[in-house]
Structure formats: structure tokens, C-alpha cells
file model-v1.txt (compact mmCIF, C-alpha atoms)
# COMPACT_ATOMS: atom_id res chain seq x y z
CA MET D 1 17.12 -88.22 -4.46
CA GLU D 2 14.66 -89.76 -2.10
CA GLN D 3 11.19 -88.38 -2.52
CA ASN D 4 8.95 -91.03 -1.00
CA LYS D 5 8.18 -91.81 2.60
CA ASP D 6 8.95 -95.22 4.06
CA ASN D 7 6.10 -97.08 5.68
CA ILE D 8 7.38 -99.07 8.63
CA SER D 9 4.86 -100.65 10.97
CA GLY D 10 2.22 -98.33 9.55
CA ASN D 11 4.23 -95.21 10.46
CA MET D 12 5.20 -92.70 7.82
CA ARG D 13 8.86 -91.72 7.98
CA PRO D 14 10.26 -88.67 6.20
CA SER D 15 12.78 -89.14 3.42
CA TRP D 16 16.35 -88.16 4.30
CA ASP D 17 15.92 -84.85 2.46
CA GLU D 18 12.72 -84.07 4.39
CA TYR D 19 14.41 -85.06 7.64
CA PHE D 20 17.42 -82.80 7.09
CA MET D 21 15.28 -79.90 5.83
CA ASP D 22 13.09 -80.18 8.93
CA ILE D 23 16.25 -79.92 11.06
CA VAL D 24 17.41 -76.85 9.08
CA GLU D 25 14.07 -75.18 9.83
CA LEU D 26 14.73 -75.73 13.55
CA ILE D 27 18.32 -74.46 13.30
CA LYS D 28 17.25 -71.16 11.72
CA ASN D 29 15.31 -70.32 14.89
CA ARG D 30 18.66 -69.60 16.61
CA SER D 31 19.35 -66.76 14.14
CA THR D 32 19.93 -63.31 15.59
CA CYS D 33 19.58 -61.49 12.27
CA LEU D 34 16.75 -58.96 12.25
CA ARG D 35 16.13 -59.21 8.47
CA ARG D 36 16.24 -62.90 7.65
CA HIS D 37 16.53 -66.15 9.61
CA VAL D 38 18.62 -68.77 7.81
CA GLY D 39 19.72 -72.24 8.91
CA ALA D 40 22.33 -74.53 7.38
CA LEU D 41 23.35 -78.13 7.89
CA ILE D 42 26.26 -80.05 6.38
CA VAL D 43 25.72 -83.79 5.96
CA LYS D 44 27.86 -86.61 4.63
CA ASP D 45 26.83 -90.26 4.41
CA LYS D 46 23.54 -89.41 6.19
CA ARG D 47 25.52 -88.08 9.18
CA ILE D 48 25.30 -84.49 10.42
CA LEU D 49 28.74 -82.86 10.38
CA ALA D 50 27.96 -79.25 11.32
CA THR D 51 25.18 -76.71 11.69
CA GLY D 52 25.03 -72.95 11.34
CA TYR D 53 22.64 -70.03 11.50
CA ASN D 54 23.13 -66.37 10.65
CA GLY D 55 24.14 -64.02 13.41
CA ALA D 56 26.94 -61.94 14.89
CA PRO D 57 30.34 -63.60 15.33
CA THR D 58 30.96 -65.39 18.62
CA GLY D 59 31.37 -62.94 21.48
CA CYS D 60 30.15 -59.94 19.46
CA LYS D 61 26.97 -57.96 19.99
CA HIS D 62 23.92 -58.67 17.87
CA CYS D 63 22.15 -55.93 15.90
CA LEU D 64 19.29 -55.88 18.38
CA GLU D 65 21.78 -55.05 21.16
CA LEU D 66 23.16 -52.23 19.01
CA GLY D 67 19.83 -50.60 18.25
CA GLY D 68 18.96 -52.28 14.97
CA CYS D 69 20.24 -53.39 11.60
CA ILE D 70 22.53 -50.90 9.84
CA ARG D 71 21.53 -52.27 6.41
CA GLU D 72 17.86 -51.77 7.29
CA LYS D 73 18.54 -48.21 8.46
CA LEU D 74 20.33 -47.46 5.18
CA SER D 75 17.56 -49.15 3.11
CA VAL D 76 20.07 -51.54 1.54
CA PRO D 77 18.23 -54.11 -0.63
CA SER D 78 18.55 -57.80 0.16
CA GLY D 79 21.60 -59.35 -1.45
CA GLN D 80 23.64 -56.12 -1.51
CA ARG D 81 26.39 -54.52 0.61
CA HIS D 82 27.18 -57.66 2.65
CA GLU D 83 30.19 -55.86 4.15
CA LEU D 84 27.85 -53.68 6.21
CA CYS D 85 26.20 -56.66 7.89
CA ARG D 86 27.43 -57.81 11.33
CA ALA D 87 26.08 -61.30 10.77
CA THR D 88 28.02 -64.29 9.57
CA HIS D 89 25.85 -66.25 7.15
CA ALA D 90 24.48 -69.66 8.13
CA GLU D 91 26.55 -71.46 5.48
CA GLN D 92 29.70 -69.66 6.65
CA ASN D 93 28.97 -70.58 10.26
CA ALA D 94 28.41 -74.25 9.39
CA ILE D 95 31.72 -74.41 7.48
CA ALA D 96 33.51 -72.56 10.31
CA GLN D 97 31.99 -74.89 12.92
CA ALA D 98 33.27 -77.90 10.99
CA ALA D 99 36.74 -76.35 10.68
CA TYR D 100 36.77 -75.43 14.39
CA SER D 101 36.21 -79.07 15.33
CA GLY D 102 38.52 -80.46 12.63
CA THR D 103 35.69 -82.03 10.63
CA CYS D 104 36.23 -82.45 6.89
CA VAL D 105 33.19 -81.44 4.82
CA LYS D 106 34.69 -82.39 1.45
CA GLY D 107 32.12 -84.39 -0.51
CA GLY D 108 29.30 -83.28 1.77
CA THR D 109 25.82 -81.95 1.11
CA LEU D 110 24.68 -78.57 2.39
CA TYR D 111 21.02 -78.18 3.35
CA VAL D 112 20.03 -74.54 3.72
CA THR D 113 16.81 -72.56 4.08
CA ALA D 114 17.82 -69.98 1.44
CA GLN D 115 19.80 -70.01 -1.78
CA PRO D 116 23.45 -69.16 -0.97
CA CYS D 117 24.83 -65.72 -1.80
CA ILE D 118 28.02 -65.23 -3.83
CA LEU D 119 30.17 -64.96 -0.68
CA CYS D 120 28.86 -68.27 0.64
CA ALA D 121 29.09 -69.90 -2.80
CA LYS D 122 32.85 -69.22 -2.88
CA LEU D 123 33.32 -70.81 0.55
CA ILE D 124 31.12 -73.78 -0.33
CA ILE D 125 33.18 -74.44 -3.47
CA ASN D 126 36.52 -74.14 -1.66
CA ALA D 127 35.31 -76.34 1.23
CA GLY D 128 34.63 -79.14 -1.27
CA ILE D 129 30.90 -79.39 -0.69
CA GLU D 130 29.47 -81.24 -3.68
CA LYS D 131 25.74 -80.62 -3.39
CA ILE D 132 23.38 -77.95 -2.08
CA ILE D 133 19.72 -78.47 -1.34
CA PHE D 134 18.01 -75.15 -0.59
CA LYS D 135 14.48 -73.86 0.01
CA GLY D 136 14.04 -70.13 -0.35
CA GLU D 137 15.08 -67.82 -3.14
CA TYR D 138 17.78 -65.19 -2.77
CA PRO D 139 18.48 -62.40 -5.27
CA ASP D 140 21.97 -63.53 -6.34
CA GLU D 141 22.18 -65.00 -9.84
CA MET D 142 25.98 -64.75 -9.81
CA SER D 143 26.20 -67.31 -7.01
CA MET D 144 24.20 -69.85 -9.00
CA ASP D 145 26.39 -69.30 -12.07
CA LEU D 146 29.58 -69.77 -10.03
CA LEU D 147 28.30 -72.91 -8.31
CA GLN D 148 27.34 -74.37 -11.69
CA GLU D 149 30.75 -73.51 -13.15
CA ALA D 150 32.44 -75.26 -10.20
CA GLY D 151 30.34 -78.39 -10.69
CA VAL D 152 28.41 -78.12 -7.42
CA ARG D 153 24.98 -79.72 -7.76
CA VAL D 154 22.29 -77.24 -6.73
CA ILE D 155 18.80 -78.51 -6.03
CA LYS D 156 15.76 -76.47 -5.02
CA TYR D 157 13.78 -78.30 -2.38
CA GLU D 158 10.03 -78.32 -2.45
CA LYS D 159 8.33 -80.74 -0.10
CA GLU D 160 7.74 -84.00 -1.96
CA LYS D 161 9.61 -82.58 -4.96
CA LEU D 162 13.25 -81.78 -5.75
CA VAL D 163 14.14 -79.59 -8.73
CA GLU D 164 17.73 -80.08 -9.89
CA GLY D 165 19.77 -77.57 -11.87
CA VAL D 166 17.78 -74.53 -10.80

call {"tool": "encode", "arguments": {"input": "model-v1.txt", "output": "C-alpha cells"}}
result
Amino acid sequence: MEQNKDNISGNMRPSWDEYFMDIVELIKNRSTCLRRHVGALIVKDKRILATGYNGAPTGCKHCLELGGCIREKLSVPSGQRHELCRATHAEQNAIAQAAYSGTCVKGGTLYVTAQPCILCAKLIINAGIEKIIFKGEYPDEMSMDLLQEAGVRVIKYEKEKLVEGV
């Protein structure tokens, strides 16, 4: 993993991981979820293949348009009762976007602003994504166990520092 910045003509350039994580932070701003904004980016050979953010499926109303989040109204804790949520997760949207355009993500790396949940972990594994670099925590230990069992490398990103095997 690249951790250092390149110095070209006196200019500091971000490492590839910093670069892609900065892009993921921008992507999450498109989120329509009222509880959590998440961005995802699938990369292979330093090329961006697809992006995704969490929000209602294409052509469907967002929670704000419907008067709020049903999970919030029911006091459902984070990481539970995903079936009640109208939003498609950022990782799911990135994989769907790639499929929609006929782009193969097998062997790719997923950059994401939050640790994937169990639902996303299953899709990530079946899509053939080999590595995940994530920022924020998410209360789903089962997803981490399943990703490890499937041989997907999972790395927690901290600026200037990558922690593998979290």
C-alpha cells in the first residue's frame, strides 16, 4: 500500500489511496439517506470503474419526500432491519452501476466511507472484488468474518496509515 506522498516539482501529490478516498468523500455528498451518507468507488489498475452512494432506487422517492426515515421513526438501531430501509447501499449501487454498463469488477478494489454491512459483503464477495479499503466503523461483525472467510482483504484507512486485517 502506498502511504507516502510523491514530491514532483515541489508539489505534494496524494498517494493513490488518499486520492481515491478523497473522491469517495465527494461521492457521499450525493447521498439521499437521512441517517448516514456513504460513498463507494470501485477501482482496478488505478482506473475508476464505478461509483455509488446510498439512496432510494432510481426513479423512486427518497425518504425526505415521504416524510422521513421509517427506521428512524421506529427507533431501529444502525445495522439492523435493513429490509425496512428504502435506500440501496453505496456498495450495492457501485456494483449495480458497473453491471448496468457491462463493466467487470472482478479483481477490483472497493473504497468506501464506512465498513460494509453483511448484505453488501455478500455482494462484494460474489462480484469478485478482492480488496476493501474503508474509513468509518459499522456495527456488523458478521460482515467482517464473512469477508475474511472469503479471502477478501479488508483494510481500515486512516490518513497516512493503513491497518490491514481489521

call {"tool": "residues_around", "arguments": {"input": "model-v1.txt", "residues": "Lys28 of chain D", "least_positions_apart": "4", "cutoff": "9 Å", "atoms": "all atoms listed in the file", "output": "ChimeraX atom specification"}}
result
/D:23-24,37-40,52-54,90,113

call {"tool": "closest_residue", "arguments": {"input": "model-v1.txt", "among": "D:Ser101, D:Ser75, D:Thr109, D:Gln115", "to": "Tyr138 of chain D", "atoms": "all atoms listed in the file"}}
result
D:Gln115

call {"tool": "atom_distance", "arguments": {"input": "model-v1.txt", "atom1": "atom CA of Ala114 of chain D", "atom2": "atom CA of Ile70 of chain D"}}
result
21.4 Å

call {"tool": "residues_around", "arguments": {"input": "model-v1.txt", "residues": "Ile132 of chain D", "least_positions_apart": "3", "cutoff": "8 Å", "atoms": "all atoms listed in the file", "output": "list in words"}}
result
Thr109, Leu110, Tyr111, Val112, Ile129, Val152, Arg153, Val154 and Ile155 of chain D

call {"tool": "atom_distance", "arguments": {"input": "model-v1.txt", "atom1": "atom CA of Ala121 of chain D", "atom2": "atom CA of Pro14 of chain D"}}
result
28.1 Å

call {"tool": "closest_residue", "arguments": {"input": "model-v1.txt", "among": "D:Asp45, D:Leu26, D:Met12, D:Thr51", "to": "Gln97 of chain D", "atoms": "all atoms listed in the file"}}
result
D:Thr51

call {"tool": "atom_distance", "arguments": {"input": "model-v1.txt", "atom1": "atom CA of Arg35 of chain D", "atom2": "atom CA of Ala99 of chain D"}}
result
26.9 Å

call {"tool": "closest_residue", "arguments": {"input": "model-v1.txt", "among": "D:Thr32, D:Asn93, D:Gln148, D:Thr103", "to": "Lys131 of chain D", "atoms": "only C-alpha atoms"}}
result
D:Gln148

call {"tool": "closest_residue", "arguments": {"input": "model-v1.txt", "among": "D:Arg86, D:Arg47, D:Glu91, D:Lys106", "to": "Ile27 of chain D", "atoms": "all atoms listed in the file"}}
result
D:Glu91

call {"tool": "residues_around", "arguments": {"input": "model-v1.txt", "residues": "Leu84 of chain D", "least_positions_apart": "3", "cutoff": "10 Å", "atoms": "all atoms listed in the file", "output": "compact mmCIF listing (two decimals) with C-alpha atoms, keeping the file's coordinate frame"}}
result
# COMPACT_ATOMS: atom_id res chain seq x y z
CA CYS D 69 20.24 -53.39 11.60
CA ILE D 70 22.53 -50.90 9.84
CA ARG D 71 21.53 -52.27 6.41
CA LEU D 74 20.33 -47.46 5.18
CA VAL D 76 20.07 -51.54 1.54
CA GLN D 80 23.64 -56.12 -1.51
CA ARG D 81 26.39 -54.52 0.61
CA ALA D 87 26.08 -61.30 10.77

call {"tool": "closest_residue", "arguments": {"input": "model-v1.txt", "among": "D:Cys33, D:Ile124, D:Leu41, D:Leu49", "to": "Tyr100 of chain D", "atoms": "only C-alpha atoms"}}
result
D:Leu49

call {"tool": "axis_aligned_box", "arguments": {"input": "model-v1.txt", "around": "segment 67-86 of chain D", "padding_each_side": "8 Å", "output": "lines of an AutoDock Vina configuration file"}}
result
center_x = 23.9
center_y = -53.4
center_z = 8.4
size_x = 28.6
size_y = 27.9
size_z = 35.8

call {"tool": "closest_residue", "arguments": {"input": "model-v1.txt", "among": "D:Glu25, D:Glu72, D:Glu18, D:Glu130", "to": "Tyr157 of chain D", "atoms": "only C-alpha atoms"}}
result
D:Glu18

call {"tool": "residues_around", "arguments": {"input": "model-v1.txt", "residues": "Val105 of chain D", "least_positions_apart": "2", "cutoff": "8 Å", "atoms": "all atoms listed in the file", "output": "list in words"}}
result
Ile42, Val43, Lys44, Leu49, Ile95, Ala98, Thr103, Gly107, Gly108, Ala127, Gly128 and Ile129 of chain D

call {"tool": "decode", "arguments": {"input": "model-v1.txt", "residues": "segment 30-151 of chain D", "atoms": "C-alpha atoms", "output": "PDB file, in the first residue's frame"}}
result
ATOM      1  CA  ARG D  30     -24.874  12.782  -3.337  1.00  0.00           C
ATOM      2  CA  SER D  31     -26.473  10.509  -0.722  1.00  0.00           C
ATOM      3  CA  THR D  32     -30.169  10.977  -0.048  1.00  0.00           C
ATOM      4  CA  CYS D  33     -30.197   8.897   3.138  1.00  0.00           C
ATOM      5  CA  LEU D  34     -31.294  10.866   6.190  1.00  0.00           C
ATOM      6  CA  ARG D  35     -29.304   8.733   8.681  1.00  0.00           C
ATOM      7  CA  ARG D  36     -25.907   8.199   7.097  1.00  0.00           C
ATOM      8  CA  HIS D  37     -24.102   9.423   3.973  1.00  0.00           C
ATOM      9  CA  VAL D  38     -21.906   6.752   2.393  1.00  0.00           C
ATOM     10  CA  GLY D  39     -19.852   6.809  -0.797  1.00  0.00           C
ATOM     11  CA  ALA D  40     -18.232   3.929  -2.665  1.00  0.00           C
ATOM     12  CA  LEU D  41     -15.796   3.649  -5.536  1.00  0.00           C
ATOM     13  CA  ILE D  42     -14.599   0.552  -7.387  1.00  0.00           C
ATOM     14  CA  VAL D  43     -11.099   0.763  -8.855  1.00  0.00           C
ATOM     15  CA  LYS D  44      -8.945  -1.614 -10.861  1.00  0.00           C
ATOM     16  CA  ASP D  45      -5.428  -0.912 -12.113  1.00  0.00           C
ATOM     17  CA  LYS D  46      -5.711   2.675 -10.790  1.00  0.00           C
ATOM     18  CA  ARG D  47      -8.768   3.244 -13.009  1.00  0.00           C
ATOM     19  CA  ILE D  48     -12.207   4.153 -11.663  1.00  0.00           C
ATOM     20  CA  LEU D  49     -14.785   1.580 -12.770  1.00  0.00           C
ATOM     21  CA  ALA D  50     -17.920   2.678 -10.908  1.00  0.00           C
ATOM     22  CA  THR D  51     -19.207   4.875  -8.106  1.00  0.00           C
ATOM     23  CA  GLY D  52     -22.154   4.637  -5.752  1.00  0.00           C
ATOM     24  CA  TYR D  53     -23.818   6.393  -2.857  1.00  0.00           C
ATOM     25  CA  ASN D  54     -26.701   5.350  -0.641  1.00  0.00           C
ATOM     26  CA  GLY D  55     -30.175   6.437  -1.598  1.00  0.00           C
ATOM     27  CA  ALA D  56     -33.528   5.355  -2.986  1.00  0.00           C
ATOM     28  CA  PRO D  57     -33.529   3.237  -6.157  1.00  0.00           C
ATOM     29  CA  THR D  58     -33.614   5.095  -9.466  1.00  0.00           C
ATOM     30  CA  GLY D  59     -36.998   6.686 -10.077  1.00  0.00           C
ATOM     31  CA  CYS D  60     -38.237   6.096  -6.512  1.00  0.00           C
ATOM     32  CA  LYS D  61     -38.984   8.714  -3.887  1.00  0.00           C
ATOM     33  CA  HIS D  62     -36.423   9.498  -1.223  1.00  0.00           C
ATOM     34  CA  CYS D  63     -37.271   9.353   2.490  1.00  0.00           C
ATOM     35  CA  LEU D  64     -37.320  13.136   2.713  1.00  0.00           C
ATOM     36  CA  GLU D  65     -40.052  13.207   0.046  1.00  0.00           C
ATOM     37  CA  LEU D  66     -42.018  10.642   2.062  1.00  0.00           C
ATOM     38  CA  GLY D  67     -41.880  12.496   5.357  1.00  0.00           C
ATOM     39  CA  GLY D  68     -38.809  10.929   6.917  1.00  0.00           C
ATOM     40  CA  CYS D  69     -36.941   7.714   7.573  1.00  0.00           C
ATOM     41  CA  ILE D  70     -39.106   4.768   8.644  1.00  0.00           C
ATOM     42  CA  ARG D  71     -36.181   3.187  10.537  1.00  0.00           C
ATOM     43  CA  GLU D  72     -35.658   6.443  12.431  1.00  0.00           C
ATOM     44  CA  LYS D  73     -39.366   6.644  13.274  1.00  0.00           C
ATOM     45  CA  LEU D  74     -39.275   3.070  14.602  1.00  0.00           C
ATOM     46  CA  SER D  75     -36.009   3.713  16.537  1.00  0.00           C
ATOM     47  CA  VAL D  76     -34.254   0.891  14.701  1.00  0.00           C
ATOM     48  CA  PRO D  77     -30.550   0.813  15.677  1.00  0.00           C
ATOM     49  CA  SER D  78     -27.905   1.230  12.999  1.00  0.00           C
ATOM     50  CA  GLY D  79     -27.028  -2.045  11.327  1.00  0.00           C
ATOM     51  CA  GLN D  80     -30.428  -3.669  11.929  1.00  0.00           C
ATOM     52  CA  ARG D  81     -33.627  -4.255   9.924  1.00  0.00           C
ATOM     53  CA  HIS D  82     -32.129  -3.340   6.526  1.00  0.00           C
ATOM     54  CA  GLU D  83     -35.323  -4.555   4.847  1.00  0.00           C
ATOM     55  CA  LEU D  84     -37.178  -1.501   6.177  1.00  0.00           C
ATOM     56  CA  CYS D  85     -34.792   0.935   4.512  1.00  0.00           C
ATOM     57  CA  ARG D  86     -35.687   2.433   1.111  1.00  0.00           C
ATOM     58  CA  ALA D  87     -32.048   3.136   0.323  1.00  0.00           C
ATOM     59  CA  THR D  88     -29.742   0.988  -1.725  1.00  0.00           C
ATOM     60  CA  HIS D  89     -26.323   0.972  -0.073  1.00  0.00           C
ATOM     61  CA  ALA D  90     -23.392   2.735  -1.720  1.00  0.00           C
ATOM     62  CA  GLU D  91     -21.517  -0.531  -2.328  1.00  0.00           C
ATOM     63  CA  GLN D  92     -24.633  -2.072  -3.893  1.00  0.00           C
ATOM     64  CA  ASN D  93     -25.097   0.958  -6.133  1.00  0.00           C
ATOM     65  CA  ALA D  94     -21.469   0.879  -7.284  1.00  0.00           C
ATOM     66  CA  ILE D  95     -21.720  -2.830  -8.171  1.00  0.00           C
ATOM     67  CA  ALA D  96     -25.081  -2.249  -9.905  1.00  0.00           C
ATOM     68  CA  GLN D  97     -23.665   0.712 -11.845  1.00  0.00           C
ATOM     69  CA  ALA D  98     -20.807  -1.451 -13.085  1.00  0.00           C
ATOM     70  CA  ALA D  99     -23.215  -4.233 -14.086  1.00  0.00           C
ATOM     71  CA  TYR D 100     -25.532  -1.737 -15.823  1.00  0.00           C
ATOM     72  CA  SER D 101     -22.676  -0.569 -18.041  1.00  0.00           C
ATOM     73  CA  GLY D 102     -21.216  -4.059 -18.541  1.00  0.00           C
ATOM     74  CA  THR D 103     -18.063  -3.333 -16.536  1.00  0.00           C
ATOM     75  CA  CYS D 104     -16.349  -6.280 -14.852  1.00  0.00           C
ATOM     76  CA  VAL D 105     -15.254  -5.516 -11.280  1.00  0.00           C
ATOM     77  CA  LYS D 106     -13.600  -8.893 -10.654  1.00  0.00           C
ATOM     78  CA  GLY D 107     -10.194  -8.304  -9.070  1.00  0.00           C
ATOM     79  CA  GLY D 108     -11.065  -4.722  -8.177  1.00  0.00           C
ATOM     80  CA  THR D 109     -10.668  -2.687  -5.018  1.00  0.00           C
ATOM     81  CA  LEU D 110     -13.620  -1.082  -3.268  1.00  0.00           C
ATOM     82  CA  TYR D 111     -13.038   2.223  -1.482  1.00  0.00           C
ATOM     83  CA  VAL D 112     -15.884   3.089   0.869  1.00  0.00           C
ATOM     84  CA  THR D 113     -16.543   5.620   3.623  1.00  0.00           C
ATOM     85  CA  ALA D 114     -17.968   3.000   6.023  1.00  0.00           C
ATOM     86  CA  GLN D 115     -17.323  -0.648   6.766  1.00  0.00           C
ATOM     87  CA  PRO D 116     -19.667  -2.767   4.601  1.00  0.00           C
ATOM     88  CA  CYS D 117     -22.691  -4.449   6.169  1.00  0.00           C
ATOM     89  CA  ILE D 118     -23.410  -8.170   5.777  1.00  0.00           C
ATOM     90  CA  LEU D 119     -25.701  -7.582   2.777  1.00  0.00           C
ATOM     91  CA  CYS D 120     -23.008  -5.630   0.948  1.00  0.00           C
ATOM     92  CA  ALA D 121     -20.303  -8.108   1.989  1.00  0.00           C
ATOM     93  CA  LYS D 122     -22.171 -10.914   0.201  1.00  0.00           C
ATOM     94  CA  LEU D 123     -22.440  -8.855  -2.999  1.00  0.00           C
ATOM     95  CA  ILE D 124     -18.799  -7.772  -2.797  1.00  0.00           C
ATOM     96  CA  ILE D 125     -17.683 -11.398  -2.489  1.00  0.00           C
ATOM     97  CA  ASN D 126     -19.869 -12.594  -5.373  1.00  0.00           C
ATOM     98  CA  ALA D 127     -18.797  -9.671  -7.587  1.00  0.00           C
ATOM     99  CA  GLY D 128     -15.174 -10.816  -7.224  1.00  0.00           C
ATOM    100  CA  ILE D 129     -13.873  -7.692  -5.520  1.00  0.00           C
ATOM    101  CA  GLU D 130     -10.573  -8.648  -3.897  1.00  0.00           C
ATOM    102  CA  LYS D 131      -9.882  -5.756  -1.545  1.00  0.00           C
ATOM    103  CA  ILE D 132     -11.830  -3.221   0.508  1.00  0.00           C
ATOM    104  CA  ILE D 133     -10.392  -0.038   1.933  1.00  0.00           C
ATOM    105  CA  PHE D 134     -12.872   1.628   4.299  1.00  0.00           C
ATOM    106  CA  LYS D 135     -12.939   4.559   6.713  1.00  0.00           C
ATOM    107  CA  GLY D 136     -15.758   4.527   9.223  1.00  0.00           C
ATOM    108  CA  GLU D 137     -16.907   1.782  11.542  1.00  0.00           C
ATOM    109  CA  TYR D 138     -20.226  -0.005  11.177  1.00  0.00           C
ATOM    110  CA  PRO D 139     -21.775  -2.311  13.782  1.00  0.00           C
ATOM    111  CA  ASP D 140     -21.632  -5.549  11.760  1.00  0.00           C
ATOM    112  CA  GLU D 141     -19.023  -8.053  12.924  1.00  0.00           C
ATOM    113  CA  MET D 142     -20.597 -10.801  10.814  1.00  0.00           C
ATOM    114  CA  SER D 143     -19.694  -8.964   7.609  1.00  0.00           C
ATOM    115  CA  MET D 144     -16.030  -8.800   8.593  1.00  0.00           C
ATOM    116  CA  ASP D 145     -15.999 -12.516   9.441  1.00  0.00           C
ATOM    117  CA  LEU D 146     -17.592 -13.428   6.094  1.00  0.00           C
ATOM    118  CA  LEU D 147     -15.215 -11.216   4.099  1.00  0.00           C
ATOM    119  CA  GLN D 148     -12.250 -12.796   5.890  1.00  0.00           C
ATOM    120  CA  GLU D 149     -13.583 -16.306   5.235  1.00  0.00           C
ATOM    121  CA  ALA D 150     -13.942 -15.457   1.519  1.00  0.00           C
ATOM    122  CA  GLY D 151     -10.365 -14.170   1.336  1.00  0.00           C
TER     123      GLY D 151
END
